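Next comes work-v2.tsv, with TSV, C-alpha atoms (C1' of nucleotides) and all ligand atoms.
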chain	number	residue	atom	x	y	z
A	1	MET	CA	-4.59	-2.31	36.10
A	2	GLY	CA	-7.20	0.42	36.00
A	3	ILE	CA	-9.85	-1.08	33.73
A	4	ASP	CA	-12.62	-3.28	34.99
A	5	MET	CA	-16.03	-3.93	33.54
A	6	GLU	CA	-17.85	-1.37	35.68
A	7	ASP	CA	-15.39	1.22	34.48
A	8	LEU	CA	-16.11	0.18	30.91
A	9	ARG	CA	-19.87	0.36	31.45
A	10	LYS	CA	-19.52	3.86	32.84
A	11	ARG	CA	-17.32	5.03	30.01
A	12	LEU	CA	-19.73	3.59	27.47
A	13	LYS	CA	-22.76	5.19	29.06
A	14	GLU	CA	-21.09	8.60	29.07
A	15	LYS	CA	-21.11	8.55	25.29
A	16	GLY	CA	-24.51	6.96	24.87
A	17	HIS	CA	-23.31	3.44	24.27
A	18	LYS	CA	-24.55	0.26	25.83
A	19	MET	CA	-22.71	-2.47	27.62
A	20	THR	CA	-23.02	-5.74	25.77
A	21	THR	CA	-21.71	-9.22	26.30
A	22	GLN	CA	-19.73	-8.94	23.07
A	23	ARG	CA	-17.94	-5.82	24.22
A	24	ARG	CA	-17.20	-7.36	27.58
A	25	VAL	CA	-15.80	-10.52	26.05
A	26	ILE	CA	-13.62	-8.62	23.58
A	27	LEU	CA	-12.12	-6.42	26.27
A	28	ASP	CA	-11.62	-9.53	28.41
A	29	ALA	CA	-9.59	-11.11	25.63
A	30	ILE	CA	-7.38	-8.06	25.38
A	31	ILE	CA	-6.88	-7.86	29.14
A	32	GLU	CA	-6.08	-11.55	29.43
A	33	ASN	CA	-3.46	-11.13	26.74
A	34	ARG	CA	-2.10	-7.83	27.91
A	35	ASP	CA	1.46	-8.80	27.09
A	36	GLU	CA	0.56	-9.46	23.45
A	37	HIS	CA	-0.22	-7.09	20.63
A	38	LEU	CA	-3.17	-8.79	19.02
A	39	THR	CA	-4.65	-8.36	15.56
A	40	PRO	CA	-8.44	-8.18	15.09
A	41	GLU	CA	-8.35	-11.67	13.63
A	42	GLU	CA	-6.47	-13.03	16.64
A	43	ILE	CA	-8.92	-11.35	18.97
A	44	TYR	CA	-11.78	-12.82	16.96
A	45	ASP	CA	-10.32	-16.32	17.33
A	46	ILE	CA	-9.87	-15.93	21.07
A	47	VAL	CA	-13.34	-14.51	21.59
A	48	LYS	CA	-15.00	-17.23	19.54
A	49	THR	CA	-13.97	-19.85	22.06
A	50	LYS	CA	-16.12	-18.11	24.68
A	51	TYR	CA	-18.74	-16.67	22.42
A	52	PRO	CA	-18.93	-18.65	19.18
A	53	GLU	CA	-21.85	-16.69	17.68
A	54	ILE	CA	-19.86	-13.46	17.49
A	55	GLY	CA	-19.25	-11.94	14.08
A	56	ILE	CA	-15.98	-10.50	12.86
A	57	ALA	CA	-17.66	-7.17	12.09
A	58	THR	CA	-18.54	-6.81	15.75
A	59	VAL	CA	-14.89	-7.29	16.65
A	60	TYR	CA	-13.82	-4.54	14.27
A	61	ARG	CA	-16.58	-2.23	15.46
A	62	THR	CA	-15.78	-2.83	19.10
A	63	LEU	CA	-12.06	-2.26	18.60
A	64	GLN	CA	-12.79	1.06	16.94
A	65	LEU	CA	-15.08	2.00	19.79
A	66	LEU	CA	-12.64	1.03	22.51
A	67	GLU	CA	-9.97	2.99	20.71
A	68	LYS	CA	-12.19	6.05	20.52
A	69	LEU	CA	-12.87	5.73	24.25
A	70	ASN	CA	-9.12	5.60	24.86
A	71	ILE	CA	-9.34	2.18	26.43
A	72	ILE	CA	-7.10	0.54	23.88
A	73	CYS	CA	-4.74	1.86	21.27
A	74	ARG	CA	-3.95	0.77	17.78
A	75	LEU	CA	-0.42	-0.15	16.82
A	76	ASN	CA	1.29	-0.67	13.53
A	77	PHE	CA	4.32	-2.92	13.30
A	78	ASP	CA	4.61	-2.61	9.52
A	79	ASP	CA	3.58	-6.21	9.05
A	80	GLY	CA	0.29	-5.46	7.35
A	81	TYR	CA	-1.93	-5.82	10.40
A	82	ASN	CA	-3.50	-3.50	12.85
A	83	ARG	CA	-2.68	-4.50	16.38
A	84	TYR	CA	-4.15	-3.42	19.68
A	85	GLU	CA	-3.03	-3.15	23.27
A	86	LEU	CA	-4.45	-1.69	26.45
A	87	ASN	CA	-3.92	2.03	26.76
A	88	TYR	CA	-1.79	2.68	29.82
A	89	ASP	CA	-1.68	6.36	29.03
A	90	SER	CA	-3.35	7.54	32.18
A	91	GLU	CA	-0.90	5.72	34.37
A	92	GLU	CA	2.24	7.29	32.94
A	93	GLU	CA	3.27	3.89	31.68
A	94	GLN	CA	3.78	4.94	28.09
A	95	HIS	CA	6.07	2.62	26.26
A	96	HIS	CA	7.45	2.03	22.83
A	97	HIS	CA	8.42	-1.01	20.85
A	98	LEU	CA	11.52	-2.77	19.69
A	99	ILE	CA	10.65	-5.15	16.88
A	100	CYS	CA	12.98	-7.98	15.90
A	101	LEU	CA	13.31	-8.21	12.14
A	102	ASN	CA	14.24	-11.87	12.36
A	103	CYS	CA	11.87	-13.56	14.80
A	104	GLY	CA	9.20	-10.89	15.12
A	105	ARG	CA	9.58	-10.66	18.88
A	106	VAL	CA	8.37	-7.38	20.30
A	107	MET	CA	9.98	-5.78	23.31
A	108	GLU	CA	8.70	-2.80	25.21
A	109	VAL	CA	10.81	0.13	26.37
A	110	LYS	CA	10.14	3.32	28.24
A	111	LEU	CA	11.81	6.35	26.75
A	112	ASP	CA	12.08	9.25	29.13
A	113	HIS	CA	14.04	11.36	26.66
A	114	LEU	CA	11.02	11.76	24.46
A	115	LYS	CA	9.43	14.47	26.53
A	116	SER	CA	12.35	16.80	25.92
A	117	LEU	CA	12.41	15.80	22.27
A	118	GLU	CA	8.76	16.77	21.99
A	119	LYS	CA	9.46	20.07	23.66
A	120	GLN	CA	12.25	20.77	21.22
A	121	ILE	CA	10.03	19.95	18.27
A	122	GLU	CA	7.25	22.19	19.51
A	123	ASP	CA	9.64	25.09	19.96
A	124	GLU	CA	11.52	24.71	16.72
A	125	ASN	CA	8.60	23.99	14.42
A	126	ASP	CA	5.63	25.73	15.94
A	127	PHE	CA	3.89	22.37	15.98
A	128	LYS	CA	1.67	21.28	18.88
A	129	VAL	CA	2.52	17.64	19.52
A	130	VAL	CA	-0.33	15.52	20.85
A	131	ASP	CA	0.91	12.04	20.09
A	132	HIS	CA	4.00	10.28	18.92
A	133	ASN	CA	4.84	6.95	17.50
A	134	VAL	CA	8.29	5.50	17.95
A	135	LYS	CA	9.45	2.10	16.82
A	136	PHE	CA	12.88	0.58	16.55
A	137	PHE	CA	13.59	-2.28	14.20
A	138	GLY	CA	16.59	-4.54	14.69
A	139	TYR	CA	17.71	-7.82	16.16
A	140	CYS	CA	16.97	-9.21	19.59
A	141	THR	CA	19.39	-11.05	21.85
A	142	ASP	CA	18.69	-14.40	20.25
A	143	CYS	CA	18.90	-13.18	16.69
A	144	GLN	CA	22.02	-11.06	16.63
B	1	MET	CA	20.74	14.65	-5.28
B	2	GLY	CA	22.69	11.48	-5.91
B	3	ILE	CA	20.27	9.52	-8.07
B	4	ASP	CA	20.22	9.75	-11.81
B	5	MET	CA	19.12	7.23	-14.36
B	6	GLU	CA	22.58	5.88	-15.09
B	7	ASP	CA	22.98	5.19	-11.40
B	8	LEU	CA	19.64	3.40	-11.43
B	9	ARG	CA	20.62	1.35	-14.47
B	10	LYS	CA	23.82	0.29	-12.72
B	11	ARG	CA	22.05	-0.63	-9.51
B	12	LEU	CA	19.48	-2.65	-11.40
B	13	LYS	CA	22.08	-4.48	-13.42
B	14	GLU	CA	23.98	-5.44	-10.28
B	15	LYS	CA	21.01	-7.51	-9.17
B	16	GLY	CA	20.15	-8.89	-12.59
B	17	HIS	CA	17.34	-6.50	-13.36
B	18	LYS	CA	16.76	-4.55	-16.53
B	19	MET	CA	16.22	-0.89	-17.06
B	20	THR	CA	12.83	-0.24	-18.56
B	21	THR	CA	10.94	2.86	-19.56
B	22	GLN	CA	8.36	2.12	-16.90
B	23	ARG	CA	10.93	2.05	-14.14
B	24	ARG	CA	12.51	5.22	-15.39
B	25	VAL	CA	9.21	7.05	-15.56
B	26	ILE	CA	8.17	5.92	-12.08
B	27	LEU	CA	11.42	7.05	-10.52
B	28	ASP	CA	11.12	10.31	-12.45
B	29	ALA	CA	7.74	10.93	-10.91
B	30	ILE	CA	9.13	10.37	-7.43
B	31	ILE	CA	12.12	12.64	-8.05
B	32	GLU	CA	9.98	15.39	-9.51
B	33	ASN	CA	7.79	15.25	-6.42
B	34	ARG	CA	10.57	14.83	-3.91
B	35	ASP	CA	8.85	17.10	-1.42
B	36	GLU	CA	5.74	14.92	-1.40
B	37	HIS	CA	5.08	11.53	0.13
B	38	LEU	CA	3.19	9.82	-2.62
B	39	THR	CA	0.97	6.75	-2.52
B	40	PRO	CA	1.21	4.08	-5.24
B	41	GLU	CA	-2.09	5.32	-6.61
B	42	GLU	CA	-0.85	8.91	-6.77
B	43	ILE	CA	2.31	7.78	-8.51
B	44	TYR	CA	0.20	5.79	-10.93
B	45	ASP	CA	-1.85	8.87	-11.79
B	46	ILE	CA	1.25	11.00	-12.34
B	47	VAL	CA	2.95	8.37	-14.46
B	48	LYS	CA	-0.13	7.78	-16.59
B	49	THR	CA	0.09	11.31	-17.95
B	50	LYS	CA	3.45	10.49	-19.51
B	51	TYR	CA	2.93	6.82	-20.11
B	52	PRO	CA	-0.78	6.03	-20.33
B	53	GLU	CA	-0.37	2.33	-21.11
B	54	ILE	CA	1.24	1.56	-17.75
B	55	GLY	CA	-0.55	-0.81	-15.41
B	56	ILE	CA	-1.02	-0.33	-11.68
B	57	ALA	CA	0.64	-3.68	-10.98
B	58	THR	CA	3.81	-2.40	-12.60
B	59	VAL	CA	3.78	0.57	-10.28
B	60	TYR	CA	3.47	-1.68	-7.24
B	61	ARG	CA	6.18	-4.02	-8.49
B	62	THR	CA	8.53	-1.17	-9.29
B	63	LEU	CA	8.03	0.48	-5.93
B	64	GLN	CA	8.86	-2.80	-4.20
B	65	LEU	CA	11.94	-3.15	-6.32
B	66	LEU	CA	13.14	0.40	-5.74
B	67	GLU	CA	12.60	-0.09	-2.04
B	68	LYS	CA	14.63	-3.30	-2.07
B	69	LEU	CA	17.42	-1.47	-3.87
B	70	ASN	CA	17.33	1.23	-1.19
B	71	ILE	CA	16.50	3.91	-3.71
B	72	ILE	CA	13.21	4.82	-2.08
B	73	CYS	CA	11.70	4.07	1.28
B	74	ARG	CA	8.23	3.23	2.35
B	75	LEU	CA	6.46	5.37	4.91
B	76	ASN	CA	3.37	4.86	6.98
B	77	PHE	CA	1.37	7.84	8.14
B	78	ASP	CA	-1.40	5.72	9.64
B	79	ASP	CA	-3.85	6.80	7.01
B	80	GLY	CA	-4.25	3.44	5.33
B	81	TYR	CA	-1.80	3.99	2.50
B	82	ASN	CA	1.76	3.14	1.82
B	83	ARG	CA	3.72	6.20	0.88
B	84	TYR	CA	7.14	6.54	-0.65
B	85	GLU	CA	9.94	9.06	-0.71
B	86	LEU	CA	13.50	9.13	-1.98
B	87	ASN	CA	15.96	7.51	0.35
B	88	TYR	CA	18.45	10.12	1.49
B	89	ASP	CA	20.06	7.67	3.83
B	90	SER	CA	23.48	7.71	2.27
B	91	GLU	CA	23.70	11.46	2.50
B	92	GLU	CA	23.14	11.71	6.23
B	93	GLU	CA	19.94	13.58	5.54
B	94	GLN	CA	17.72	11.33	7.62
B	95	HIS	CA	14.56	13.07	8.66
B	96	HIS	CA	11.34	12.34	10.45
B	97	HIS	CA	7.79	13.52	10.11
B	98	LEU	CA	5.37	15.79	11.88
B	99	ILE	CA	1.85	15.04	10.74
B	100	CYS	CA	-0.97	17.52	11.28
B	101	LEU	CA	-4.08	15.78	12.55
B	102	ASN	CA	-6.29	18.51	11.18
B	103	CYS	CA	-5.12	19.36	7.66
B	104	GLY	CA	-2.85	16.40	6.97
B	105	ARG	CA	0.15	18.58	6.26
B	106	VAL	CA	3.45	16.79	6.70
B	107	MET	CA	6.57	18.54	7.92
B	108	GLU	CA	10.04	17.14	8.03
B	109	VAL	CA	12.44	17.43	10.94
B	110	LYS	CA	15.95	16.26	11.61
B	111	LEU	CA	16.42	14.73	15.03
B	112	ASP	CA	20.02	14.61	16.15
B	113	HIS	CA	19.12	13.24	19.56
B	114	LEU	CA	18.07	9.94	18.07
B	115	LYS	CA	21.56	8.56	17.73
B	116	SER	CA	22.08	8.72	21.48
B	117	LEU	CA	18.63	7.29	22.05
B	118	GLU	CA	19.51	4.35	19.82
B	119	LYS	CA	22.73	3.84	21.70
B	120	GLN	CA	20.87	3.81	25.01
B	121	ILE	CA	18.39	1.29	23.69
B	122	GLU	CA	21.11	-0.99	22.40
B	123	ASP	CA	22.90	-0.91	25.74
B	124	GLU	CA	19.87	-1.33	27.96
B	125	ASN	CA	18.06	-3.99	25.98
B	126	ASP	CA	20.71	-5.96	24.18
B	127	PHE	CA	18.93	-5.11	20.96
B	128	LYS	CA	20.81	-4.26	17.77
B	129	VAL	CA	18.98	-1.33	16.21
B	130	VAL	CA	19.11	-1.15	12.42
B	131	ASP	CA	16.20	1.13	11.69
B	132	HIS	CA	13.79	3.38	13.45
B	133	ASN	CA	10.51	4.99	12.71
B	134	VAL	CA	9.53	8.17	14.48
B	135	LYS	CA	6.43	10.20	13.83
B	136	PHE	CA	4.81	13.00	15.76
B	137	PHE	CA	1.14	13.77	15.41
B	138	GLY	CA	-0.30	17.12	16.35
B	139	TYR	CA	-1.33	20.49	14.98
B	140	CYS	CA	0.59	22.71	12.61
B	141	THR	CA	0.88	26.50	12.80
B	142	ASP	CA	-2.32	27.07	10.86
B	143	CYS	CA	-4.38	24.51	12.77
B	144	GLN	CA	-3.57	25.21	16.39
C	1	DT	C1'	20.84	-9.16	-35.16
C	2	DC	C1'	19.45	-12.80	-32.27
C	3	DG	C1'	18.24	-15.44	-28.28
C	4	DA	C1'	17.86	-15.98	-23.40
C	5	DT	C1'	15.81	-13.92	-19.76
C	6	DA	C1'	13.49	-10.46	-17.38
C	7	DT	C1'	9.42	-7.63	-17.51
C	8	DA	C1'	4.91	-5.71	-18.77
C	9	DG	C1'	-0.12	-5.42	-18.81
C	10	DA	C1'	-4.71	-7.40	-18.06
C	11	DG	C1'	-7.55	-8.86	-15.06
C	12	DA	C1'	-8.69	-12.31	-11.66
C	13	DC	C1'	-7.86	-12.87	-7.05
C	14	DT	C1'	-6.70	-12.36	-1.86
C	15	DC	C1'	-7.23	-10.33	2.33
C	16	DT	C1'	-8.44	-6.85	5.62
C	17	DT	C1'	-11.80	-3.80	6.68
C	18	DT	C1'	-16.31	-1.35	6.11
C	19	DG	C1'	-21.31	-0.84	4.90
C	20	DT	C1'	-26.15	-2.41	4.92
C	21	DC	C1'	-30.09	-3.95	7.08
C	22	DA	C1'	-33.46	-6.73	9.51
C	23	DA	C1'	-33.63	-8.77	13.88
C	24	DC	C1'	-32.41	-8.27	18.54
C	25	DT	C1'	-31.33	-6.31	23.31
C	26	DA	C1'	-29.87	-3.08	26.97
C	27	DT	C1'	-31.69	0.46	29.47
C	28	DA	C1'	-34.75	4.02	31.24
C	29	DA	C1'	-39.42	5.53	31.88
C	30	DG	C1'	-43.93	4.43	33.27
D	1	DC	C1'	-42.64	-5.77	35.70
D	2	DT	C1'	-43.89	-4.04	31.16
D	3	DT	C1'	-42.92	-1.26	27.35
D	4	DA	C1'	-40.75	1.97	24.23
D	5	DT	C1'	-36.79	3.06	21.80
D	6	DA	C1'	-32.35	3.84	20.50
D	7	DG	C1'	-28.23	1.39	20.10
D	8	DT	C1'	-26.21	-3.11	18.69
D	9	DT	C1'	-25.60	-7.42	16.43
D	10	DG	C1'	-24.60	-11.02	12.78
D	11	DA	C1'	-24.80	-12.29	8.06
D	12	DC	C1'	-23.56	-11.02	3.93
D	13	DA	C1'	-22.14	-7.91	0.38
D	14	DA	C1'	-18.80	-4.93	-1.10
D	15	DA	C1'	-14.97	-1.86	-0.97
D	16	DG	C1'	-10.11	-1.05	-1.44
D	17	DA	C1'	-5.21	-1.91	-1.32
D	18	DG	C1'	-2.17	-4.90	-2.92
D	19	DT	C1'	-0.70	-9.52	-5.23
D	20	DC	C1'	-0.59	-13.31	-8.56
D	21	DT	C1'	-0.81	-15.62	-13.04
D	22	DC	C1'	-0.22	-15.86	-17.67
D	23	DT	C1'	1.11	-14.61	-22.25
D	24	DA	C1'	3.20	-11.24	-25.10
D	25	DT	C1'	6.93	-8.10	-25.32
D	26	DA	C1'	11.26	-5.61	-24.39
D	27	DT	C1'	16.04	-5.53	-22.93
D	28	DC	C1'	20.75	-6.41	-23.52
D	29	DG	C1'	24.88	-9.19	-23.94
D	30	DA	C1'	26.91	-12.20	-27.32
A	201	MN	MN	3.21	-2.67	23.83
A	202	MN	MN	9.83	12.90	4.23
A	203	ZN	ZN	14.63	-12.08	17.35
A	204	ZN	ZN	-2.59	21.65	9.86
Kindly present the structure from the file in C-alpha cells form.
Ligand SMILES: [Mn+2]
Ligand SMILES: [Mn+2]
Ligand SMILES: [Zn+2]
Ligand SMILES: [Zn+2]
Amino acid sequence: MGIDMEDLRKRLKEKGHKMTTQRRVILDAIIENRDEHLTPEEIYDIVKTKYPEIGIATVYRTLQLLEKLNIICRLNFDDGYNRYELNYDSEEEQHHHLICLNCGRVMEVKLDHLKSLEKQIEDENDFKVVDHNVKFFGYCTDCQ
Amino acid sequence: MGIDMEDLRKRLKEKGHKMTTQRRVILDAIIENRDEHLTPEEIYDIVKTKYPEIGIATVYRTLQLLEKLNIICRLNFDDGYNRYELNYDSEEEQHHHLICLNCGRVMEVKLDHLKSLEKQIEDENDFKVVDHNVKFFGYCTDCQ
DNA sequence: TCGATATAGAGACTCTTTGTCAACTATAAG
DNA sequence: CTTATAGTTGACAAAGAGTCTCTATATCGA
C-alpha cells in the first residue's frame, strides 16, 4: 500500500511537522476505509471511537496537512461535501469516478486515454497540465 | 445564441412558473457575461446596478430554477464557489475547462474524444453515463 | 379588472469550514 | 534524563455560502 506510520513520520519531519497521535489516528481511519471516499465529518465520527477527545478542527487541519503532503487527495462529488481518499499517485494507480445519480454509489475506473488527451490539450492550447479531474455521472447497474 | 426572453417566458410557463423582472435581469446578466463563469455573489453585484432592490436569496433561487430548466449550468472550479454559465448543450457546443493554478484564468476547450471515452466506460462498467465533468488544472501561456 | 397563485425581500438560520488562543506535547539539545 | 522551544491541540467563536420562513406583492389567465 505504500504508506505506513514511519513513512508518515518521515514525511512530516521533512517539512518541520511533528508526529502526533491525532494525525496517526486520522490517517489510520482513512487507510482502514480505503475503499470509501469519506467526508471530514465521517472521518471525525470514526476517529472519535478511538480517540474521543479529538476536536473537529484537528480533523480539518490534519486533512489539509495530509493533502499538502500528497498523502491524501481531496475529491468533490458535487454533493456539497469535501471527500478524501488515499493518494495512489506514486504507484501509477490513478483512477477516476463514476457516480450514480440515483443511489450515490461510486465506482472507480482507470482511464488510459487521458494521457493522450492531456498531450493534445497541451499542444493545442499552450497550457501545461499538472492535474485533471474527471467524473462521470449516470446510473449504475442496479439503477438503470 | 438560442435564448431570448420570450423563450424563457415559455419555458417558465411550461412548468407553472411566472416571468418576473428579477428573473429577466438575472438571465440578462448571465447572457451579457457569457464569456465569464460567474458566482451567485458576482451575479448579485451585477444585477444590483440595474435593480438595486433585489435580494441575494432571489438570485440563489433564480439560479437554481434556471439550472433546473436547463438554461444555465452549474460549474465547480474547486475554489469554494458555485459558478454558472449558459447551457449550450442543445447546440452541440459542449466544452470543458482549463484552469490556471497561478492566475485563475479559465480557458475553454472542446474535447471530441470524450464521446468514445463515454462509450468505453458504458461498455466496460455497465454504467449509463448521462453527464460528465472534466477539468484540467495547470499553467497558462503567461504563467508557465 | 380581479382573484388565485406564484414570487419577492428581509433577515434569521443552517452547516461546513476557518481563526484564535491558552494549554499542551513531541522532539532535539544539553 | 531534563529542559527548551516550536509546533500542535481542543474549545469556542466566527466566517461564509447557501437555505428557509413569513408576509407583502406581482403576475397572468379568466
Ligand atoms: Mn476513488
Ligand atoms: Mn465555460
Ligand atoms: Zn445506483
Ligand atoms: Zn495563468
Please return, as an MDAnalysis selection string, all polymer residues that have at least one atom within 12 Å of the point (-31.5, 4.4, 34.6); use all atoms listed in the file and the file's own coordinate frame. (chainID A and resid 13 18) or (chainID C and resid 26:29)
Sorted by chain and rising residue number, which residues of chain A lie within 7 Å of ligand MN 201 (chain A), and what are their closest atom pairs and distances in Å to one decimal, counting all atoms listed in the file, as CSV?
residue,atom,partner,partner_atom,distance
A:His37,CA,A:MN201,MN,6.4
A:Glu85,CA,A:MN201,MN,6.3
A:His95,CA,A:MN201,MN,6.5
A:His96,CA,A:MN201,MN,6.4
A:His97,CA,A:MN201,MN,6.2
A:Glu108,CA,A:MN201,MN,5.7
Using CA of Ile71 (chain A) and CA of Leu114 (chain A) as the two end points, give the distance in Å to one decimal.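 Those two atoms sit 22.6 Å apart.
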Would you place a box with edges along x, y and z of the file around all atoms of region 112-119 of chain A listed there, add 6 Å to each of its six sides, and report the centre and edge lengths in Å to one decimal, as AutoDock Vina command-line options?
--center_x 11.4 --center_y 14.7 --center_z 25.6 --size_x 17.3 --size_y 22.8 --size_z 19.1
Can you pull out every residue with an atom within 12 Å of ligand MN 202 (chain A)? Use all atoms listed in the file and format it as a PyMOL selection string. chain B and resi 30+33-38+72-77+83-89+93-99+105-110+133-135
Please produce a file of those selected residues containing C-alpha atoms, as a PDB file, keeping the file's coordinate frame.
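So selection.pdb came out as:
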ATOM      1  CA  ILE B  30       9.130  10.370  -7.430  1.00  0.00           C
ATOM      2  CA  ASN B  33       7.790  15.250  -6.420  1.00  0.00           C
ATOM      3  CA  ARG B  34      10.570  14.830  -3.910  1.00  0.00           C
ATOM      4  CA  ASP B  35       8.850  17.100  -1.420  1.00  0.00           C
ATOM      5  CA  GLU B  36       5.740  14.920  -1.400  1.00  0.00           C
ATOM      6  CA  HIS B  37       5.080  11.530   0.130  1.00  0.00           C
ATOM      7  CA  LEU B  38       3.190   9.820  -2.620  1.00  0.00           C
ATOM      8  CA  ILE B  72      13.210   4.820  -2.080  1.00  0.00           C
ATOM      9  CA  CYS B  73      11.700   4.070   1.280  1.00  0.00           C
ATOM     10  CA  ARG B  74       8.230   3.230   2.350  1.00  0.00           C
ATOM     11  CA  LEU B  75       6.460   5.370   4.910  1.00  0.00           C
ATOM     12  CA  ASN B  76       3.370   4.860   6.980  1.00  0.00           C
ATOM     13  CA  PHE B  77       1.370   7.840   8.140  1.00  0.00           C
ATOM     14  CA  ARG B  83       3.720   6.200   0.880  1.00  0.00           C
ATOM     15  CA  TYR B  84       7.140   6.540  -0.650  1.00  0.00           C
ATOM     16  CA  GLU B  85       9.940   9.060  -0.710  1.00  0.00           C
ATOM     17  CA  LEU B  86      13.500   9.130  -1.980  1.00  0.00           C
ATOM     18  CA  ASN B  87      15.960   7.510   0.350  1.00  0.00           C
ATOM     19  CA  TYR B  88      18.450  10.120   1.490  1.00  0.00           C
ATOM     20  CA  ASP B  89      20.060   7.670   3.830  1.00  0.00           C
ATOM     21  CA  GLU B  93      19.940  13.580   5.540  1.00  0.00           C
ATOM     22  CA  GLN B  94      17.720  11.330   7.620  1.00  0.00           C
ATOM     23  CA  HIS B  95      14.560  13.070   8.660  1.00  0.00           C
ATOM     24  CA  HIS B  96      11.340  12.340  10.450  1.00  0.00           C
ATOM     25  CA  HIS B  97       7.790  13.520  10.110  1.00  0.00           C
ATOM     26  CA  LEU B  98       5.370  15.790  11.880  1.00  0.00           C
ATOM     27  CA  ILE B  99       1.850  15.040  10.740  1.00  0.00           C
ATOM     28  CA  ARG B 105       0.150  18.580   6.260  1.00  0.00           C
ATOM     29  CA  VAL B 106       3.450  16.790   6.700  1.00  0.00           C
ATOM     30  CA  MET B 107       6.570  18.540   7.920  1.00  0.00           C
ATOM     31  CA  GLU B 108      10.040  17.140   8.030  1.00  0.00           C
ATOM     32  CA  VAL B 109      12.440  17.430  10.940  1.00  0.00           C
ATOM     33  CA  LYS B 110      15.950  16.260  11.610  1.00  0.00           C
ATOM     34  CA  ASN B 133      10.510   4.990  12.710  1.00  0.00           C
ATOM     35  CA  VAL B 134       9.530   8.170  14.480  1.00  0.00           C
ATOM     36  CA  LYS B 135       6.430  10.200  13.830  1.00  0.00           C
TER      37      LYS B 135
END
Which residues sit within 7 Å of ligand ZN 203 (chain A), counting all atoms listed in the file, listed as a list in words?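 Selection of residues at most 7 Å from ligand ZN 203 (chain A): Cys100, Leu101, Asn102, Cys103, Gly104, Arg105, Tyr139, Cys140, Thr141, Asp142 and Cys143 of chain A.
C1' of DC21 (chain C) is found 20.1 Å from CA of Thr20 (chain A).
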Using only C-alpha atoms (C1' of nucleotides), determine which residues of chain D fall within 10 Å of chain A; present them as a compact mmCIF listing (two decimals) with C-alpha atoms (C1' of nucleotides), keeping the file's coordinate frame.
# COMPACT_ATOMS: atom_id res chain seq x y z
C1' DA D 6 -32.35 3.84 20.50
C1' DG D 7 -28.23 1.39 20.10
C1' DT D 8 -26.21 -3.11 18.69
C1' DT D 9 -25.60 -7.42 16.43
C1' DG D 10 -24.60 -11.02 12.78
C1' DA D 11 -24.80 -12.29 8.06
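Residues of chain C lying within 12 Å of chain A, counting all atoms listed in the file, are DC15, DT16, DT17, DT18, DG19, DT25, DA26 and DT27 of chain C.
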So the first atom is CA of Tyr44 (chain B) and the second is CA of Leu66 (chain B); what is the distance between them in Å, to one decimal place? 14.9 Å
Find the residues around DG29 (chain D) up to 12 Å (only C-alpha atoms (C1' of nucleotides) counted), leave out those fewer than 4 positions away in its own chain, and share them as an MDAnalysis selection string. (chainID B and resid 13 18) or (chainID C and resid 1:5)
Close residues, DC13 (chain C) itself excluded, 9 Å, only C-alpha atoms (C1' of nucleotides), min 2 positions apart in chain, as number ranges by chain: C: 11; D: 19-20
Restricting the calculation to all atoms listed in the file: of A:Gln144, A:Asp78, A:Pro52, A:Lys128, which residue gets closest to ligand ZN 204 (chain A)?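 Smallest separation from ligand ZN 204 (chain A) among the options: A:Lys128.
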Counting all atoms listed in the file, closest pick from A:Glu42, A:Asp79, A:Glu14, A:Asp4 relative to chain B is A:Asp79
Which is closer to chain B than all the others in A:Lys119, A:Lys68, A:Lys48, A:His132, using only C-alpha atoms? A:His132
Given only C-alpha atoms and all ligand atoms as the counted atoms, nearest of A:Leu111, A:Gly138, A:Leu69, A:Asp126 to ligand ZN 204 (chain A): A:Asp126
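Candidate residues B:Ile3, B:Val129, B:Leu8, B:Ile31 were compared for distance to chain A, and the nearest is B:Val129, using all atoms listed in the file.
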